[in-house]
Amino acid sequence: MGKPIVVLGIFVADAAYRADRMPHLGETILGHDFMLGPGGKGSNQSVAAARSGGDVHIVTRLGVDAFAAMARDLWAGAGITPHVTEDPESYTGSAFIFLEAATGQNAIIVAQGAAARISVADVEASRPLIEAAGLFMTQLEQPLDAALAGLQIARGAGVTTILNPAPAAPLSDKMLSLVDIITPNESEAEGLTGLPVTTIAQAEAAADALIARGVGAAIITLGEKGVLYRKGGESLHIPARAPGPVRDTTGAGDAFNGGLATALSEGLPIEQALRFGCAVAGISVTRPGAAASMPTRVEVDAFLSA
């Protein structure tokens, strides 16, 4: 196990309903099925990192309710150490997910609850934890000022920083200058740079634009085309690979980020770390769900050696 990984992020409970169509206002219809499970990028990435061998700590805020118990059970099962601000004045977040039976297309409503109230003070309370970490990772689902505070603390202590800029949001050069590695997907990279990202060459151009704004290195995740790493005018392209048919790509980006964090926390060279992250993601897409699909270290090592 490598140096500690601290993740600042959110947990929400995903409540997914599959039906032929959305009901109209005032109407009740019958659905085909229902699934309740854990979600939230910070939580998903923590599970991916912990199951793949990382020493993971999550900094977040929860309500005092049944969904908070779901989060704590999930983290205990994965071996994650939680650092939670309990918020009895709010609730643990949830996402309503409508799935259209015929197409698989979705419509989502996210109510962040307590997670929307993650504050700079919450992050400051975890300063000693962040300063002692080997790696700090965050996303953009909690308030930006909290993410910025975490990056500042980590950078001040010489801790490697990873920012997964999802969901996409405008970011200042001040914030980007605190990021050692940024990990957008194609649409997020386009949103941050204004450049199209559909080819490897375009991904390189977008990565260079992000580096010009202050990030140390850029990793652009390209779905079935794998990932592109860019730093100092040099690139590494790692193809995607899965051990079986793709069943569900939900959480694939979170799987990659978590696996990457574990590999870097163990001191692996960047090419090996990228391959490790791609292996975690590759296994995850052969299974349904997000957190539930994250593989164990034994599974990742076996896939990499196959």
# chains A, B, ... in the order shown; residues from 1 in each chain; ligands from 1
>>> residues_around(residues="region 85-102 of chain A", least_positions_apart="3", cutoff="10 Å", atoms="only C-alpha atoms", output="MDAnalysis selection string")
chainID A and resid 10:22 31:40 59:71 82 105:119 122:123 125
>>> residues_around(residues="Leu268 (chain A)", least_positions_apart="6", cutoff="12 Å", atoms="only C-alpha atoms", output="PyMOL selection string")
chain A and resi 1-3+259-262+274-277
>>> closest_atom_pairs(of="region 99-153 of chain A", to="region 166-184 of chain A", cutoff="8 Å", atoms="only C-alpha atoms", output="CSV")
residue,atom,partner,partner_atom,distance
A:Gln139,CA,A:Ala166,CA,5.8
A:Leu140,CA,A:Ala166,CA,5.3
A:Glu141,CA,A:Pro167,CA,6.5
A:Leu148,CA,A:Met175,CA,6.2
A:Leu151,CA,A:Leu178,CA,6.0
A:Gln152,CA,A:Leu178,CA,6.6
>>> select_by_dssp(residues="region 141-261 of chain A", states="strand (DSSP E)", output="MDAnalysis selection string")
chainID A and resid 160:163 181:182 217:221 227:231 234:238
>>> residues_around(residues="Tyr229 (chain A)", least_positions_apart="5", cutoff="7 Å", atoms="only C-alpha atoms", output="PyMOL selection string")
chain A and resi 218-220+235-237
>>> select_by_dssp(residues="region 50-282 of chain A", states="alpha helix (DSSP H)", output="PDB file with N, CA and C atoms, in the first residue's frame")
ATOM      1  N   ALA A  50      -9.592   2.540  -3.290  1.00  0.00           N
ATOM      2  CA  ALA A  50      -9.426   1.639  -2.146  1.00  0.00           C
ATOM      3  C   ALA A  50      -9.452   0.177  -2.577  1.00  0.00           C
ATOM      4  N   ARG A  51     -10.396  -0.171  -3.429  1.00  0.00           N
ATOM      5  CA  ARG A  51     -10.482  -1.574  -3.857  1.00  0.00           C
ATOM      6  C   ARG A  51      -9.268  -1.982  -4.676  1.00  0.00           C
ATOM      7  N   ALA A  66     -30.747   7.588   6.589  1.00  0.00           N
ATOM      8  CA  ALA A  66     -30.495   6.248   6.050  1.00  0.00           C
ATOM      9  C   ALA A  66     -29.480   6.266   4.908  1.00  0.00           C
ATOM     10  N   PHE A  67     -29.475   7.325   4.092  1.00  0.00           N
ATOM     11  CA  PHE A  67     -28.517   7.375   2.998  1.00  0.00           C
ATOM     12  C   PHE A  67     -27.092   7.606   3.528  1.00  0.00           C
ATOM     13  N   ALA A  68     -26.971   8.322   4.636  1.00  0.00           N
ATOM     14  CA  ALA A  68     -25.656   8.468   5.267  1.00  0.00           C
ATOM     15  C   ALA A  68     -25.159   7.107   5.748  1.00  0.00           C
ATOM     16  N   ALA A  69     -26.063   6.299   6.296  1.00  0.00           N
ATOM     17  CA  ALA A  69     -25.681   4.944   6.724  1.00  0.00           C
ATOM     18  C   ALA A  69     -25.243   4.114   5.523  1.00  0.00           C
ATOM     19  N   MET A  70     -25.905   4.295   4.372  1.00  0.00           N
ATOM     20  CA  MET A  70     -25.497   3.596   3.157  1.00  0.00           C
ATOM     21  C   MET A  70     -24.065   3.967   2.783  1.00  0.00           C
ATOM     22  N   ALA A  71     -23.750   5.271   2.862  1.00  0.00           N
ATOM     23  CA  ALA A  71     -22.403   5.726   2.533  1.00  0.00           C
ATOM     24  C   ALA A  71     -21.370   5.108   3.463  1.00  0.00           C
ATOM     25  N   ARG A  72     -21.657   5.144   4.760  1.00  0.00           N
ATOM     26  CA  ARG A  72     -20.685   4.618   5.727  1.00  0.00           C
ATOM     27  C   ARG A  72     -20.490   3.108   5.549  1.00  0.00           C
ATOM     28  N   ASP A  73     -21.567   2.380   5.248  1.00  0.00           N
ATOM     29  CA  ASP A  73     -21.448   0.940   5.004  1.00  0.00           C
ATOM     30  C   ASP A  73     -20.594   0.667   3.766  1.00  0.00           C
ATOM     31  N   LEU A  74     -20.829   1.450   2.711  1.00  0.00           N
ATOM     32  CA  LEU A  74     -20.043   1.294   1.485  1.00  0.00           C
ATOM     33  C   LEU A  74     -18.560   1.502   1.766  1.00  0.00           C
ATOM     34  N   TRP A  75     -18.243   2.593   2.463  1.00  0.00           N
ATOM     35  CA  TRP A  75     -16.838   2.916   2.711  1.00  0.00           C
ATOM     36  C   TRP A  75     -16.175   1.899   3.633  1.00  0.00           C
ATOM     37  N   ALA A  76     -16.921   1.418   4.623  1.00  0.00           N
ATOM     38  CA  ALA A  76     -16.366   0.395   5.522  1.00  0.00           C
ATOM     39  C   ALA A  76     -16.041  -0.873   4.738  1.00  0.00           C
ATOM     40  N   GLY A  77     -16.923  -1.255   3.821  1.00  0.00           N
ATOM     41  CA  GLY A  77     -16.698  -2.444   3.024  1.00  0.00           C
ATOM     42  C   GLY A  77     -15.513  -2.328   2.094  1.00  0.00           C
ATOM     43  N   ALA A  78     -15.241  -1.102   1.637  1.00  0.00           N
ATOM     44  CA  ALA A  78     -14.130  -0.883   0.706  1.00  0.00           C
ATOM     45  C   ALA A  78     -12.819  -0.590   1.425  1.00  0.00           C
ATOM     46  N   VAL A 120     -15.219  25.650   3.210  1.00  0.00           N
ATOM     47  CA  VAL A 120     -13.783  25.832   3.428  1.00  0.00           C
ATOM     48  C   VAL A 120     -13.409  25.399   4.843  1.00  0.00           C
ATOM     49  N   ALA A 121     -14.295  25.663   5.806  1.00  0.00           N
ATOM     50  CA  ALA A 121     -14.023  25.256   7.190  1.00  0.00           C
ATOM     51  C   ALA A 121     -13.939  23.731   7.305  1.00  0.00           C
ATOM     52  N   ASP A 122     -14.795  23.006   6.578  1.00  0.00           N
ATOM     53  CA  ASP A 122     -14.719  21.548   6.572  1.00  0.00           C
ATOM     54  C   ASP A 122     -13.347  21.081   6.075  1.00  0.00           C
ATOM     55  N   VAL A 123     -12.881  21.735   5.020  1.00  0.00           N
ATOM     56  CA  VAL A 123     -11.591  21.356   4.438  1.00  0.00           C
ATOM     57  C   VAL A 123     -10.460  21.723   5.388  1.00  0.00           C
ATOM     58  N   GLU A 124     -10.541  22.907   5.983  1.00  0.00           N
ATOM     59  CA  GLU A 124      -9.501  23.330   6.934  1.00  0.00           C
ATOM     60  C   GLU A 124      -9.410  22.371   8.116  1.00  0.00           C
ATOM     61  N   ALA A 125     -10.541  21.811   8.523  1.00  0.00           N
ATOM     62  CA  ALA A 125     -10.523  20.856   9.629  1.00  0.00           C
ATOM     63  C   ALA A 125      -9.723  19.608   9.282  1.00  0.00           C
ATOM     64  N   ARG A 127      -6.958  19.769   7.379  1.00  0.00           N
ATOM     65  CA  ARG A 127      -5.634  20.233   6.933  1.00  0.00           C
ATOM     66  C   ARG A 127      -4.517  19.250   7.302  1.00  0.00           C
ATOM     67  N   PRO A 128      -4.424  18.794   8.575  1.00  0.00           N
ATOM     68  CA  PRO A 128      -3.325  17.863   8.904  1.00  0.00           C
ATOM     69  C   PRO A 128      -3.374  16.589   8.066  1.00  0.00           C
ATOM     70  N   LEU A 129      -4.580  16.104   7.800  1.00  0.00           N
ATOM     71  CA  LEU A 129      -4.744  14.902   6.981  1.00  0.00           C
ATOM     72  C   LEU A 129      -4.236  15.150   5.564  1.00  0.00           C
ATOM     73  N   ILE A 130      -4.640  16.271   4.972  1.00  0.00           N
ATOM     74  CA  ILE A 130      -4.229  16.585   3.601  1.00  0.00           C
ATOM     75  C   ILE A 130      -2.729  16.806   3.532  1.00  0.00           C
ATOM     76  N   GLU A 131      -2.183  17.509   4.503  1.00  0.00           N
ATOM     77  CA  GLU A 131      -0.748  17.811   4.469  1.00  0.00           C
ATOM     78  C   GLU A 131       0.112  16.566   4.624  1.00  0.00           C
ATOM     79  N   LEU A 144     -16.944  25.181  -5.295  1.00  0.00           N
ATOM     80  CA  LEU A 144     -15.606  25.450  -5.834  1.00  0.00           C
ATOM     81  C   LEU A 144     -14.647  25.984  -4.783  1.00  0.00           C
ATOM     82  N   ASP A 145     -15.159  26.793  -3.844  1.00  0.00           N
ATOM     83  CA  ASP A 145     -14.234  27.365  -2.863  1.00  0.00           C
ATOM     84  C   ASP A 145     -13.652  26.290  -1.953  1.00  0.00           C
ATOM     85  N   ALA A 146     -14.410  25.240  -1.708  1.00  0.00           N
ATOM     86  CA  ALA A 146     -13.891  24.135  -0.907  1.00  0.00           C
ATOM     87  C   ALA A 146     -12.819  23.371  -1.677  1.00  0.00           C
ATOM     88  N   ALA A 147     -13.073  23.118  -2.960  1.00  0.00           N
ATOM     89  CA  ALA A 147     -12.078  22.434  -3.791  1.00  0.00           C
ATOM     90  C   ALA A 147     -10.793  23.260  -3.873  1.00  0.00           C
ATOM     91  N   LEU A 148     -10.944  24.565  -4.045  1.00  0.00           N
ATOM     92  CA  LEU A 148      -9.780  25.450  -4.115  1.00  0.00           C
ATOM     93  C   LEU A 148      -8.984  25.400  -2.816  1.00  0.00           C
ATOM     94  N   ALA A 149      -9.675  25.423  -1.684  1.00  0.00           N
ATOM     95  CA  ALA A 149      -8.990  25.370  -0.392  1.00  0.00           C
ATOM     96  C   ALA A 149      -8.198  24.065  -0.240  1.00  0.00           C
ATOM     97  N   GLY A 150      -8.796  22.951  -0.666  1.00  0.00           N
ATOM     98  CA  GLY A 150      -8.089  21.675  -0.590  1.00  0.00           C
ATOM     99  C   GLY A 150      -6.847  21.662  -1.450  1.00  0.00           C
ATOM    100  N   LEU A 151      -6.956  22.184  -2.664  1.00  0.00           N
ATOM    101  CA  LEU A 151      -5.804  22.238  -3.561  1.00  0.00           C
ATOM    102  C   LEU A 151      -4.705  23.139  -2.991  1.00  0.00           C
ATOM    103  N   GLN A 152      -5.096  24.262  -2.384  1.00  0.00           N
ATOM    104  CA  GLN A 152      -4.103  25.176  -1.800  1.00  0.00           C
ATOM    105  C   GLN A 152      -3.354  24.510  -0.649  1.00  0.00           C
ATOM    106  N   ILE A 153      -4.086  23.809   0.219  1.00  0.00           N
ATOM    107  CA  ILE A 153      -3.444  23.129   1.346  1.00  0.00           C
ATOM    108  C   ILE A 153      -2.472  22.068   0.841  1.00  0.00           C
ATOM    109  N   ALA A 154      -2.930  21.278  -0.126  1.00  0.00           N
ATOM    110  CA  ALA A 154      -2.092  20.212  -0.653  1.00  0.00           C
ATOM    111  C   ALA A 154      -0.846  20.775  -1.334  1.00  0.00           C
ATOM    112  N   ARG A 155      -1.032  21.779  -2.164  1.00  0.00           N
ATOM    113  CA  ARG A 155       0.110  22.370  -2.868  1.00  0.00           C
ATOM    114  C   ARG A 155       1.114  22.958  -1.877  1.00  0.00           C
ATOM    115  N   GLY A 156       0.612  23.611  -0.824  1.00  0.00           N
ATOM    116  CA  GLY A 156       1.496  24.201   0.177  1.00  0.00           C
ATOM    117  C   GLY A 156       2.338  23.167   0.905  1.00  0.00           C
ATOM    118  N   ASP A 173      -7.430  30.601 -13.664  1.00  0.00           N
ATOM    119  CA  ASP A 173      -6.018  30.223 -13.777  1.00  0.00           C
ATOM    120  C   ASP A 173      -5.415  29.996 -12.396  1.00  0.00           C
ATOM    121  N   LYS A 174      -5.907  30.729 -11.390  1.00  0.00           N
ATOM    122  CA  LYS A 174      -5.423  30.543 -10.025  1.00  0.00           C
ATOM    123  C   LYS A 174      -5.647  29.113  -9.562  1.00  0.00           C
ATOM    124  N   MET A 175      -6.826  28.590  -9.843  1.00  0.00           N
ATOM    125  CA  MET A 175      -7.133  27.226  -9.433  1.00  0.00           C
ATOM    126  C   MET A 175      -6.330  26.220 -10.255  1.00  0.00           C
ATOM    127  N   LEU A 176      -6.274  26.432 -11.564  1.00  0.00           N
ATOM    128  CA  LEU A 176      -5.551  25.499 -12.425  1.00  0.00           C
ATOM    129  C   LEU A 176      -4.069  25.441 -12.089  1.00  0.00           C
ATOM    130  N   GLU A 186     -13.556  14.156 -22.855  1.00  0.00           N
ATOM    131  CA  GLU A 186     -13.540  14.967 -24.077  1.00  0.00           C
ATOM    132  C   GLU A 186     -14.408  16.216 -23.950  1.00  0.00           C
ATOM    133  N   SER A 187     -15.628  16.058 -23.457  1.00  0.00           N
ATOM    134  CA  SER A 187     -16.536  17.207 -23.393  1.00  0.00           C
ATOM    135  C   SER A 187     -16.072  18.215 -22.350  1.00  0.00           C
ATOM    136  N   GLU A 188     -15.529  17.727 -21.248  1.00  0.00           N
ATOM    137  CA  GLU A 188     -15.029  18.638 -20.208  1.00  0.00           C
ATOM    138  C   GLU A 188     -13.806  19.406 -20.702  1.00  0.00           C
ATOM    139  N   ALA A 189     -12.928  18.731 -21.453  1.00  0.00           N
ATOM    140  CA  ALA A 189     -11.758  19.413 -22.018  1.00  0.00           C
ATOM    141  C   ALA A 189     -12.194  20.487 -23.005  1.00  0.00           C
ATOM    142  N   GLU A 190     -13.217  20.174 -23.805  1.00  0.00           N
ATOM    143  CA  GLU A 190     -13.723  21.162 -24.747  1.00  0.00           C
ATOM    144  C   GLU A 190     -14.345  22.344 -24.006  1.00  0.00           C
ATOM    145  N   GLY A 191     -15.079  22.053 -22.926  1.00  0.00           N
ATOM    146  CA  GLY A 191     -15.688  23.122 -22.160  1.00  0.00           C
ATOM    147  C   GLY A 191     -14.669  24.042 -21.512  1.00  0.00           C
ATOM    148  N   LEU A 192     -13.553  23.480 -21.085  1.00  0.00           N
ATOM    149  CA  LEU A 192     -12.519  24.280 -20.414  1.00  0.00           C
ATOM    150  C   LEU A 192     -11.679  25.095 -21.397  1.00  0.00           C
ATOM    151  N   THR A 193     -11.519  24.583 -22.624  1.00  0.00           N
ATOM    152  CA  THR A 193     -10.588  25.210 -23.565  1.00  0.00           C
ATOM    153  C   THR A 193     -11.270  25.862 -24.768  1.00  0.00           C
ATOM    154  N   ILE A 200      -7.004  12.342 -31.420  1.00  0.00           N
ATOM    155  CA  ILE A 200      -5.822  12.401 -30.549  1.00  0.00           C
ATOM    156  C   ILE A 200      -5.124  13.747 -30.701  1.00  0.00           C
ATOM    157  N   ALA A 201      -4.981  14.216 -31.942  1.00  0.00           N
ATOM    158  CA  ALA A 201      -4.312  15.505 -32.167  1.00  0.00           C
ATOM    159  C   ALA A 201      -5.076  16.644 -31.506  1.00  0.00           C
ATOM    160  N   GLN A 202      -6.402  16.600 -31.579  1.00  0.00           N
ATOM    161  CA  GLN A 202      -7.198  17.642 -30.927  1.00  0.00           C
ATOM    162  C   GLN A 202      -7.078  17.547 -29.412  1.00  0.00           C
ATOM    163  N   ALA A 203      -7.011  16.332 -28.875  1.00  0.00           N
ATOM    164  CA  ALA A 203      -6.817  16.162 -27.439  1.00  0.00           C
ATOM    165  C   ALA A 203      -5.478  16.745 -27.007  1.00  0.00           C
ATOM    166  N   GLU A 204      -4.454  16.557 -27.828  1.00  0.00           N
ATOM    167  CA  GLU A 204      -3.139  17.135 -27.510  1.00  0.00           C
ATOM    168  C   GLU A 204      -3.210  18.658 -27.476  1.00  0.00           C
ATOM    169  N   ALA A 205      -3.925  19.241 -28.424  1.00  0.00           N
ATOM    170  CA  ALA A 205      -4.051  20.703 -28.461  1.00  0.00           C
ATOM    171  C   ALA A 205      -4.797  21.212 -27.233  1.00  0.00           C
ATOM    172  N   ALA A 206      -5.869  20.529 -26.846  1.00  0.00           N
ATOM    173  CA  ALA A 206      -6.606  20.937 -25.661  1.00  0.00           C
ATOM    174  C   ALA A 206      -5.752  20.777 -24.406  1.00  0.00           C
ATOM    175  N   ALA A 207      -4.991  19.694 -24.331  1.00  0.00           N
ATOM    176  CA  ALA A 207      -4.106  19.481 -23.184  1.00  0.00           C
ATOM    177  C   ALA A 207      -3.079  20.603 -23.096  1.00  0.00           C
ATOM    178  N   ASP A 208      -2.501  20.982 -24.242  1.00  0.00           N
ATOM    179  CA  ASP A 208      -1.513  22.064 -24.242  1.00  0.00           C
ATOM    180  C   ASP A 208      -2.143  23.378 -23.786  1.00  0.00           C
ATOM    181  N   ALA A 209      -3.410  23.604 -24.157  1.00  0.00           N
ATOM    182  CA  ALA A 209      -4.089  24.828 -23.725  1.00  0.00           C
ATOM    183  C   ALA A 209      -4.265  24.840 -22.213  1.00  0.00           C
ATOM    184  N   LEU A 210      -4.568  23.683 -21.623  1.00  0.00           N
ATOM    185  CA  LEU A 210      -4.712  23.599 -20.166  1.00  0.00           C
ATOM    186  C   LEU A 210      -3.369  23.794 -19.478  1.00  0.00           C
ATOM    187  N   ILE A 211      -2.325  23.209 -20.044  1.00  0.00           N
ATOM    188  CA  ILE A 211      -0.980  23.369 -19.471  1.00  0.00           C
ATOM    189  C   ILE A 211      -0.541  24.828 -19.541  1.00  0.00           C
ATOM    190  N   ALA A 212      -0.902  25.502 -20.630  1.00  0.00           N
ATOM    191  CA  ALA A 212      -0.561  26.925 -20.770  1.00  0.00           C
ATOM    192  C   ALA A 212      -1.242  27.766 -19.703  1.00  0.00           C
ATOM    193  N   ALA A 252     -17.032   4.831 -15.347  1.00  0.00           N
ATOM    194  CA  ALA A 252     -15.741   4.445 -15.922  1.00  0.00           C
ATOM    195  C   ALA A 252     -14.675   5.512 -15.657  1.00  0.00           C
ATOM    196  N   GLY A 253     -15.058   6.778 -15.790  1.00  0.00           N
ATOM    197  CA  GLY A 253     -14.099   7.846 -15.510  1.00  0.00           C
ATOM    198  C   GLY A 253     -13.672   7.856 -14.057  1.00  0.00           C
ATOM    199  N   ASP A 254     -14.624   7.593 -13.163  1.00  0.00           N
ATOM    200  CA  ASP A 254     -14.284   7.527 -11.738  1.00  0.00           C
ATOM    201  C   ASP A 254     -13.356   6.344 -11.469  1.00  0.00           C
ATOM    202  N   ALA A 255     -13.609   5.229 -12.154  1.00  0.00           N
ATOM    203  CA  ALA A 255     -12.742   4.055 -11.998  1.00  0.00           C
ATOM    204  C   ALA A 255     -11.320   4.383 -12.426  1.00  0.00           C
ATOM    205  N   PHE A 256     -11.181   5.072 -13.563  1.00  0.00           N
ATOM    206  CA  PHE A 256      -9.843   5.443 -14.033  1.00  0.00           C
ATOM    207  C   PHE A 256      -9.145   6.358 -13.032  1.00  0.00           C
ATOM    208  N   ASN A 257      -9.852   7.384 -12.566  1.00  0.00           N
ATOM    209  CA  ASN A 257      -9.238   8.330 -11.635  1.00  0.00           C
ATOM    210  C   ASN A 257      -8.798   7.650 -10.342  1.00  0.00           C
ATOM    211  N   GLY A 258      -9.659   6.760  -9.814  1.00  0.00           N
ATOM    212  CA  GLY A 258      -9.301   6.056  -8.594  1.00  0.00           C
ATOM    213  C   GLY A 258      -8.103   5.150  -8.787  1.00  0.00           C
ATOM    214  N   GLY A 259      -8.088   4.419  -9.897  1.00  0.00           N
ATOM    215  CA  GLY A 259      -6.952   3.547 -10.178  1.00  0.00           C
ATOM    216  C   GLY A 259      -5.669   4.332 -10.388  1.00  0.00           C
ATOM    217  N   LEU A 260      -5.765   5.438 -11.111  1.00  0.00           N
ATOM    218  CA  LEU A 260      -4.598   6.302 -11.323  1.00  0.00           C
ATOM    219  C   LEU A 260      -4.037   6.784  -9.987  1.00  0.00           C
ATOM    220  N   ALA A 261      -4.923   7.213  -9.093  1.00  0.00           N
ATOM    221  CA  ALA A 261      -4.482   7.707  -7.785  1.00  0.00           C
ATOM    222  C   ALA A 261      -3.745   6.622  -7.006  1.00  0.00           C
ATOM    223  N   THR A 262      -4.286   5.406  -7.021  1.00  0.00           N
ATOM    224  CA  THR A 262      -3.619   4.309  -6.317  1.00  0.00           C
ATOM    225  C   THR A 262      -2.229   4.066  -6.885  1.00  0.00           C
ATOM    226  N   ALA A 263      -2.128   3.983  -8.191  1.00  0.00           N
ATOM    227  CA  ALA A 263      -0.841   3.700  -8.823  1.00  0.00           C
ATOM    228  C   ALA A 263       0.178   4.800  -8.518  1.00  0.00           C
ATOM    229  N   LEU A 264      -0.239   6.059  -8.614  1.00  0.00           N
ATOM    230  CA  LEU A 264       0.691   7.154  -8.328  1.00  0.00           C
ATOM    231  C   LEU A 264       1.088   7.180  -6.862  1.00  0.00           C
ATOM    232  N   SER A 265       0.146   6.827  -5.970  1.00  0.00           N
ATOM    233  CA  SER A 265       0.469   6.820  -4.534  1.00  0.00           C
ATOM    234  C   SER A 265       1.508   5.752  -4.204  1.00  0.00           C
ATOM    235  N   ILE A 270       4.642   7.072 -14.697  1.00  0.00           N
ATOM    236  CA  ILE A 270       3.373   7.535 -15.243  1.00  0.00           C
ATOM    237  C   ILE A 270       2.784   6.556 -16.251  1.00  0.00           C
ATOM    238  N   GLU A 271       3.591   5.939 -17.110  1.00  0.00           N
ATOM    239  CA  GLU A 271       3.019   5.020 -18.091  1.00  0.00           C
ATOM    240  C   GLU A 271       2.369   3.822 -17.407  1.00  0.00           C
ATOM    241  N   GLN A 272       3.019   3.280 -16.398  1.00  0.00           N
ATOM    242  CA  GLN A 272       2.426   2.164 -15.655  1.00  0.00           C
ATOM    243  C   GLN A 272       1.172   2.610 -14.911  1.00  0.00           C
ATOM    244  N   ALA A 273       1.199   3.831 -14.366  1.00  0.00           N
ATOM    245  CA  ALA A 273       0.029   4.348 -13.647  1.00  0.00           C
ATOM    246  C   ALA A 273      -1.157   4.513 -14.594  1.00  0.00           C
ATOM    247  N   LEU A 274      -0.897   4.984 -15.802  1.00  0.00           N
ATOM    248  CA  LEU A 274      -1.965   5.126 -16.790  1.00  0.00           C
ATOM    249  C   LEU A 274      -2.546   3.765 -17.164  1.00  0.00           C
ATOM    250  N   ARG A 275      -1.677   2.789 -17.369  1.00  0.00           N
ATOM    251  CA  ARG A 275      -2.159   1.442 -17.708  1.00  0.00           C
ATOM    252  C   ARG A 275      -2.956   0.837 -16.552  1.00  0.00           C
ATOM    253  N   PHE A 276      -2.528   1.113 -15.327  1.00  0.00           N
ATOM    254  CA  PHE A 276      -3.248   0.621 -14.155  1.00  0.00           C
ATOM    255  C   PHE A 276      -4.640   1.246 -14.098  1.00  0.00           C
ATOM    256  N   GLY A 277      -4.715   2.574 -14.284  1.00  0.00           N
ATOM    257  CA  GLY A 277      -6.013   3.249 -14.279  1.00  0.00           C
ATOM    258  C   GLY A 277      -6.917   2.737 -15.386  1.00  0.00           C
ATOM    259  N   CYS A 278      -6.354   2.501 -16.572  1.00  0.00           N
ATOM    260  CA  CYS A 278      -7.155   1.974 -17.679  1.00  0.00           C
ATOM    261  C   CYS A 278      -7.642   0.557 -17.386  1.00  0.00           C
ATOM    262  N   ALA A 279      -6.840  -0.226 -16.674  1.00  0.00           N
ATOM    263  CA  ALA A 279      -7.263  -1.579 -16.319  1.00  0.00           C
ATOM    264  C   ALA A 279      -8.432  -1.539 -15.345  1.00  0.00           C
ATOM    265  N   VAL A 280      -8.367  -0.657 -14.343  1.00  0.00           N
ATOM    266  CA  VAL A 280      -9.480  -0.519 -13.399  1.00  0.00           C
ATOM    267  C   VAL A 280     -10.749  -0.129 -14.143  1.00  0.00           C
ATOM    268  N   ALA A 281     -10.633   0.844 -15.051  1.00  0.00           N
ATOM    269  CA  ALA A 281     -11.796   1.270 -15.830  1.00  0.00           C
ATOM    270  C   ALA A 281     -12.271   0.165 -16.765  1.00  0.00           C
ATOM    271  N   GLY A 282     -11.331  -0.544 -17.381  1.00  0.00           N
ATOM    272  CA  GLY A 282     -11.682  -1.600 -18.326  1.00  0.00           C
ATOM    273  C   GLY A 282     -12.471  -2.729 -17.684  1.00  0.00           C
TER     274      GLY A 282
END
>>> residues_around(residues="Val7 (chain A)", least_positions_apart="6", cutoff="8 Å", atoms="only C-alpha atoms", output="list in words")
Gly42, Gln45, Ser46, Val56, His57, Ile58, Val59, Phe136, Met137 and Thr138 of chain A
>>> write_last_selection(atoms="N, CA and C atoms", output="PDB file, in the first residue's frame")
ATOM      1  N   GLY A  42     -16.844  11.740  -5.959  1.00  0.00           N
ATOM      2  CA  GLY A  42     -15.825  11.594  -4.926  1.00  0.00           C
ATOM      3  C   GLY A  42     -15.888  10.241  -4.254  1.00  0.00           C
ATOM      4  N   GLN A  45     -14.795   7.468  -6.823  1.00  0.00           N
ATOM      5  CA  GLN A  45     -13.346   7.456  -7.016  1.00  0.00           C
ATOM      6  C   GLN A  45     -12.629   6.887  -5.792  1.00  0.00           C
ATOM      7  N   SER A  46     -13.166   7.181  -4.615  1.00  0.00           N
ATOM      8  CA  SER A  46     -12.586   6.626  -3.390  1.00  0.00           C
ATOM      9  C   SER A  46     -12.702   5.108  -3.371  1.00  0.00           C
ATOM     10  N   VAL A  56      -7.106   5.022   1.421  1.00  0.00           N
ATOM     11  CA  VAL A  56      -7.966   6.132   1.006  1.00  0.00           C
ATOM     12  C   VAL A  56      -8.723   6.748   2.173  1.00  0.00           C
ATOM     13  N   HIS A  57      -8.750   8.086   2.188  1.00  0.00           N
ATOM     14  CA  HIS A  57      -9.506   8.865   3.161  1.00  0.00           C
ATOM     15  C   HIS A  57     -10.423   9.798   2.380  1.00  0.00           C
ATOM     16  N   ILE A  58     -11.721   9.841   2.706  1.00  0.00           N
ATOM     17  CA  ILE A  58     -12.645  10.742   2.029  1.00  0.00           C
ATOM     18  C   ILE A  58     -13.090  11.839   2.989  1.00  0.00           C
ATOM     19  N   VAL A  59     -13.030  13.079   2.504  1.00  0.00           N
ATOM     20  CA  VAL A  59     -13.484  14.254   3.249  1.00  0.00           C
ATOM     21  C   VAL A  59     -14.793  14.707   2.615  1.00  0.00           C
ATOM     22  N   PHE A 136      -3.665  14.212  -3.232  1.00  0.00           N
ATOM     23  CA  PHE A 136      -4.962  14.826  -2.955  1.00  0.00           C
ATOM     24  C   PHE A 136      -5.742  14.907  -4.257  1.00  0.00           C
ATOM     25  N   MET A 137      -6.990  14.443  -4.228  1.00  0.00           N
ATOM     26  CA  MET A 137      -7.816  14.432  -5.436  1.00  0.00           C
ATOM     27  C   MET A 137      -9.193  15.020  -5.133  1.00  0.00           C
ATOM     28  N   THR A 138      -9.689  15.828  -6.066  1.00  0.00           N
ATOM     29  CA  THR A 138     -11.025  16.384  -5.903  1.00  0.00           C
ATOM     30  C   THR A 138     -11.687  16.547  -7.265  1.00  0.00           C
TER      31      THR A 138
END
>>> residues_around(residues="Phe303 (chain A)", least_positions_apart="5", cutoff="9 Å", atoms="only C-alpha atoms", output="ChimeraX atom specification")
/A:242-243,279,283,298
>>> closest_residue(among="A:Gly289, A:Gly216, A:Pro165, A:Gly134", to="Gly232 (chain A)", atoms="only C-alpha atoms")
A:Gly216
>>> atom_distance(atom1="CA of Val84 (chain A)", atom2="CA of Pro288 (chain A)")
27.9 Å
>>> atom_distance(atom1="CA of Gly251 (chain A)", atom2="CA of Ala133 (chain A)")
24.6 Å
>>> atom_distance(atom1="CA of Ser43 (chain A)", atom2="CA of Gly223 (chain A)")
20.8 Å
